[in-house]
Structure formats: C-alpha cells, structure tokens
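Text of the file model_17.txt, holding compact mmCIF, C-alpha atoms:
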# COMPACT_ATOMS: atom_id res chain seq x y z
CA VAL Z 1 3.45 12.03 2.40
CA SER Z 2 5.87 11.82 -0.53
CA GLY Z 3 7.84 14.73 0.90
CA LEU Z 4 8.30 12.82 4.15
CA ARG Z 5 9.27 9.64 2.29
CA VAL Z 6 12.28 11.30 0.66
CA ILE Z 7 13.80 12.41 3.98
CA PRO Z 8 16.66 10.00 4.78
CA ASN Z 9 16.18 7.61 7.70
CA VAL Z 10 12.47 8.46 8.25
CA ASP Z 11 9.95 5.63 8.22
CA VAL Z 12 6.59 6.82 6.89
CA ILE Z 13 3.73 4.49 7.79
CA ARG Z 14 0.31 4.91 6.20
CA PRO Z 15 -1.96 2.18 7.66
CA CYS Z 16 -5.24 1.07 6.07
CA ASP Z 17 -7.27 -0.23 9.02
CA PRO Z 18 -7.29 -0.31 12.86
CA GLU Z 19 -5.04 -3.37 13.12
CA GLU Z 20 -2.50 -1.79 10.78
CA VAL Z 21 -2.66 1.30 13.01
CA SER Z 22 -1.83 -0.92 16.01
CA GLY Z 23 1.07 -2.43 14.09
CA ALA Z 24 2.23 1.06 13.05
CA TRP Z 25 2.22 2.21 16.68
CA VAL Z 26 4.30 -0.78 17.79
CA ALA Z 27 6.68 -0.27 14.84
CA SER Z 28 7.16 3.40 15.66
CA MET Z 29 7.67 2.80 19.39
CA SER Z 30 10.13 -0.06 18.84
CA ARG Z 31 12.27 1.83 16.32
CA THR Z 32 15.42 3.14 18.00
CA ASP Z 33 17.54 4.17 15.01
CA GLY Z 34 15.43 6.97 13.53
CA PRO Z 35 12.09 8.76 13.47
CA THR Z 36 8.75 7.44 12.25
CA ALA Z 37 5.85 9.45 10.82
CA LEU Z 38 2.38 7.93 11.18
CA ILE Z 39 -0.02 9.10 8.48
CA LEU Z 40 -3.58 8.36 9.59
CA SER Z 41 -6.80 8.76 7.63
CA ARG Z 42 -9.66 10.98 8.65
CA GLN Z 43 -12.28 9.05 6.69
CA LYS Z 44 -14.08 5.91 7.76
CA LEU Z 45 -12.29 2.87 6.34
CA PRO Z 46 -13.26 -0.80 6.23
CA THR Z 47 -11.51 -3.26 8.51
CA LEU Z 48 -9.74 -6.09 6.69
CA ASN Z 49 -11.51 -8.83 8.65
CA ASP Z 50 -10.58 -11.47 6.04
CA VAL Z 51 -6.91 -11.06 7.00
CA PRO Z 52 -5.87 -12.33 10.45
CA VAL Z 53 -4.98 -9.62 12.99
CA SER Z 54 -1.45 -11.00 13.45
CA GLU Z 55 -0.78 -10.87 9.69
CA ARG Z 56 -1.87 -7.23 9.48
CA ARG Z 57 0.21 -6.16 12.46
CA GLU Z 58 3.26 -8.16 11.35
CA GLY Z 59 2.76 -6.91 7.79
CA VAL Z 60 3.15 -3.32 8.97
CA MET Z 61 6.30 -4.26 10.88
CA ARG Z 62 7.71 -5.62 7.59
CA GLY Z 63 6.45 -2.67 5.52
CA ALA Z 64 4.28 -4.64 3.08
CA TYR Z 65 2.38 -7.91 2.90
CA VAL Z 66 -0.17 -9.77 0.83
CA VAL Z 67 -3.76 -8.94 1.84
CA LYS Z 68 -5.36 -10.90 -1.00
CA LYS Z 69 -3.51 -13.83 -2.50
CA GLU Z 70 -4.25 -14.82 -6.05
CA GLU Z 71 -6.15 -18.03 -6.67
CA GLY Z 72 -4.22 -20.06 -9.22
CA SER Z 73 -1.77 -18.40 -11.59
CA LEU Z 74 -0.50 -14.94 -10.63
CA GLU Z 75 -1.41 -12.50 -13.42
CA ALA Z 76 -1.13 -9.07 -11.78
CA ILE Z 77 -0.30 -7.32 -8.50
CA VAL Z 78 -2.04 -4.24 -7.13
CA ILE Z 79 -0.08 -2.33 -4.48
CA ALA Z 80 -1.68 0.30 -2.23
CA SER Z 81 -1.32 2.05 1.09
CA GLY Z 82 -3.69 3.65 3.56
CA SER Z 83 -7.21 4.42 2.40
CA GLU Z 84 -6.49 3.20 -1.14
CA VAL Z 85 -6.16 -0.44 -0.04
CA GLN Z 86 -9.96 -0.63 -0.07
CA HIS Z 87 -9.96 0.42 -3.75
CA ALA Z 88 -7.30 -2.15 -4.62
CA LEU Z 89 -9.34 -4.90 -2.97
CA ALA Z 90 -12.54 -3.81 -4.69
CA ALA Z 91 -10.81 -3.81 -8.08
CA ALA Z 92 -9.37 -7.30 -7.48
CA ASP Z 93 -12.70 -8.75 -6.39
CA GLY Z 94 -13.70 -11.50 -8.80
CA LYS Z 95 -10.29 -11.56 -10.49
CA PRO Z 96 -8.65 -14.81 -9.36
CA GLY Z 97 -5.22 -14.04 -10.80
CA VAL Z 98 -4.81 -10.69 -9.00
CA ARG Z 99 -2.80 -10.30 -5.80
CA VAL Z 100 -3.29 -7.25 -3.57
CA VAL Z 101 -0.42 -5.94 -1.45
CA SER Z 102 -0.79 -3.44 1.36
CA MET Z 103 2.40 -1.37 1.57
CA PRO Z 104 2.02 0.90 4.58
CA CYS Z 105 5.77 1.60 4.81
CA MET Z 106 8.10 1.59 1.80
CA GLU Z 107 11.17 2.15 3.97
CA ARG Z 108 10.51 -0.88 6.19
CA PHE Z 109 9.76 -3.04 3.14
CA ASP Z 110 13.03 -1.98 1.50
CA ARG Z 111 14.96 -3.16 4.59
CA GLN Z 112 13.52 -6.71 4.40
CA SER Z 113 15.47 -9.65 3.03
CA ASP Z 114 15.47 -10.31 -0.70
CA ASP Z 115 13.53 -13.51 -0.03
CA TYR Z 116 10.76 -11.71 1.82
CA ARG Z 117 10.49 -8.94 -0.79
CA GLU Z 118 10.33 -11.62 -3.52
CA SER Z 119 7.57 -13.48 -1.64
CA VAL Z 120 5.43 -10.32 -1.63
CA LEU Z 121 6.35 -8.90 -5.05
CA PRO Z 122 7.64 -11.80 -7.19
CA LYS Z 123 9.78 -10.69 -10.12
CA SER Z 124 7.98 -13.22 -12.30
CA CYS Z 125 4.90 -10.95 -12.31
CA GLY Z 126 5.56 -7.78 -14.27
CA LYS Z 127 1.99 -6.55 -14.53
CA ARG Z 128 1.64 -4.25 -11.53
CA VAL Z 129 -0.50 -1.29 -10.55
CA ALA Z 130 0.06 1.01 -7.57
CA ILE Z 131 -2.67 3.29 -6.23
CA GLU Z 132 -2.23 6.11 -3.74
CA ALA Z 133 -3.77 9.56 -3.40
CA GLY Z 134 -0.35 11.18 -3.68
CA VAL Z 135 2.62 11.80 -5.92
CA THR Z 136 3.34 8.85 -8.20
CA GLY Z 137 7.14 9.03 -8.55
CA LEU Z 138 8.17 6.91 -5.56
CA TRP Z 139 6.06 3.92 -6.63
CA TRP Z 140 7.96 3.15 -9.84
CA LYS Z 141 10.70 1.16 -8.12
CA TYR Z 142 8.06 -1.47 -7.25
CA LEU Z 143 6.41 -1.54 -10.67
CA GLY Z 144 8.98 -2.09 -13.41
CA SER Z 145 8.46 -1.24 -17.06
CA GLU Z 146 5.04 -2.92 -17.36
CA GLY Z 147 3.54 -1.16 -14.35
CA SER Z 148 1.33 1.85 -13.90
CA VAL Z 149 0.53 4.23 -11.04
CA ILE Z 150 -2.79 5.80 -10.18
CA GLY Z 151 -2.04 8.90 -8.15
CA ILE Z 152 -1.94 12.67 -8.14
CA ASP Z 153 0.90 14.68 -9.66
CA ARG Z 154 -0.79 18.04 -9.25
CA PHE Z 155 -2.36 20.08 -6.50
CA GLY Z 156 -5.46 18.41 -5.03
CA LEU Z 157 -9.05 19.52 -4.65
CA SER Z 158 -11.22 20.66 -1.78
CA ALA Z 159 -14.50 18.75 -1.51
CA PRO Z 160 -15.96 15.76 0.36
CA GLY Z 161 -13.57 12.79 0.23
CA ASP Z 162 -15.61 10.58 -2.11
CA THR Z 163 -16.08 13.48 -4.55
CA VAL Z 164 -12.36 14.28 -4.57
CA MET Z 165 -11.35 10.64 -5.09
CA SER Z 166 -13.79 10.26 -7.95
CA GLU Z 167 -12.66 13.51 -9.62
CA LEU Z 168 -9.00 12.50 -9.33
CA GLY Z 169 -9.56 8.94 -10.54
CA ILE Z 170 -8.55 7.28 -7.27
CA THR Z 171 -11.20 4.57 -7.63
CA PRO Z 172 -11.58 0.82 -8.07
CA ASP Z 173 -12.66 1.47 -11.68
CA SER Z 174 -9.33 3.19 -12.39
CA VAL Z 175 -7.46 0.17 -11.04
CA THR Z 176 -9.62 -2.18 -13.09
CA SER Z 177 -8.87 -0.16 -16.23
CA ALA Z 178 -5.15 -0.20 -15.47
CA LEU Z 179 -5.25 -3.99 -15.08
CA ALA Z 180 -6.91 -4.46 -18.49
Will you turn the file into structure tokens for me?
Amino acid sequence: VSGLRVIPNVDVIRPCDPEEVSGAWVASMSRTDGPTALILSRQKLPTLNDVPVSERREGVMRGAYVVKKEEGSLEAIVIASGSEVQHALAAADGKPGVRVVSMPCMERFDRQSDDYRESVLPKSCGKRVAIEAGVTGLWWKYLGSEGSVIGIDRFGLSAPGDTVMSELGITPDSVTSALA
C-alpha cells in the first residue's frame, strides 16, 4: 500500500466498511485526472453503523473524516485506515477526549481546503496516533512531533489475521498505550 501511495498522481483508497467501499467506488469512477487503487480487506470487518451512511461515503470522497468526535475538550486524535479503524475505535471507547479519524485516502485528504483539513485534524491538538498494518513513514506528516505511529517497518508474518495483528502489535491495546 505504501509503495502505491508514493506513485505520483495515484489515489490509494483503503476503506474500512461497506459504505466506505461504496464511497471508494464512486470516488474512483468519478476521478478523471488520474488512476485510483482500491485496497480492500479480506477479513470480516464491523460496519460503522453509528456514523450515517452519507458521512461515510462523503468522507471517502474527501479522503478523511471524523468517525468518533470527542466529547468535551479534545485531548488526542487517533487516525487509521481500512481494517485498523476498528482498533482505533476500540481504543477510544470510554475516552471522552479522543477523536477518531478514518483516513481511507491520504491523497484526496491532501487536496482538500485548509479549512476542511483543520476541521478534521486541528493543529491545536498535537497528541496524535496513527495505526495501519503497513509502513509507518507516510503517516508522520499528519502527526507532528508529539505523534506516534503503530505500524510495520519490516517484513510481515504468515498466520491467521488475528494472530498476525497481535504479534505485530496492531491492536487496540497498542493504541491505548500510545495515548497514555
């Protein structure tokens, strides 16, 4: 996925649920100025039923959006894409000051207005964690000096998905530890 993301003018979309997949399809079919790669999951993922369908589909079109807004003062932001959005949401559960952002497409998000990007990732909140089962390097531009990335900067493993994620630390517990 990271290899695709560094190719100029390619949108890489990694949706987290069926409605994001629908939004990704519309985004890819409506794009006329370059190619789009859709990166779909093979594992069973939860549907984000707490987020309206229109918000999920429009969120993909914009590249990133808030899937869980903080209650009260914003203390931290967790950013994820694809199958890792479920881990971000699980880690934020019961933490009222934590916002969760689904970022299925970095390239689309980067093309949004400054105002939109600020509404999703406010500069006033420096405590940020990104989680993705992939190379960590591309996430730093969204994290700043106080941020951290949970990812994989080495060759992966071959085993059932849950076992691999646990072994590699791609878990809600890892996000919770990074937020501490």
If I take atom CA of Gly151 of chain Z and atom CA of Leu168 of chain Z, how far is one from the other in Å, to one decimal?
7.9 Å
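Between atom CA of Asn49 of chain Z and atom CA of Ser113 of chain Z the separation is 27.6 Å.
Distances to Ala64 of chain Z were evaluated for Z:Thr176, Z:Thr47, Z:Thr163, Z:Gln112 using all atoms listed in the file, and the minimum falls at Z:Gln112.
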Identify, on the basis of all atoms listed in the file, every residue whose closest approach to segment 23-27 of chain Z does not exceed 8 Å; exclude the query and any residue fewer than 6 positions from it along the same chain; express the result as a ChimeraX atom specification.
/Z:13,15,38,56-61
Residues at most 12 Å from Lys68 of chain Z, counting all atoms listed in the file, excluding those fewer than 4 positions away in the same chain, as an MDAnalysis selection string?
chainID Z and resid 48:52 55:56 74 76:80 85:86 88:102 120
Within 12 Å of Pro35 of chain Z, counting only C-alpha atoms, which residues show up once you throw out same-chain ones fewer than 5 positions away? Write them as JSON, numbers by chain, please.
{"Z": [4, 5, 7, 8, 9, 10, 11, 12, 13, 27, 28, 29, 30, 107]}
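Going from atom CA of Trp140 of chain Z over to atom CA of Ser124 of chain Z, you cover 16.6 Å.
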Contacts of Ser41 of chain Z at 9 Å or less, counting all atoms listed in the file, minus same-chain residues fewer than 6 places along, as a ChimeraX atom specification?
/Z:14-16,82-83
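Minimum distance to Glu19 of chain Z across Z:Gly34, Z:Pro46, Z:Gly3, Z:Gly134 (counting all atoms listed in the file) occurs at Z:Pro46.
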Choose the residue, out of Z:Ile152, Z:Leu179, Z:Met106, Z:Val21, that has the smallest atom-to-atom separation from Val135 of chain Z; count only C-alpha atoms.
Z:Ile152
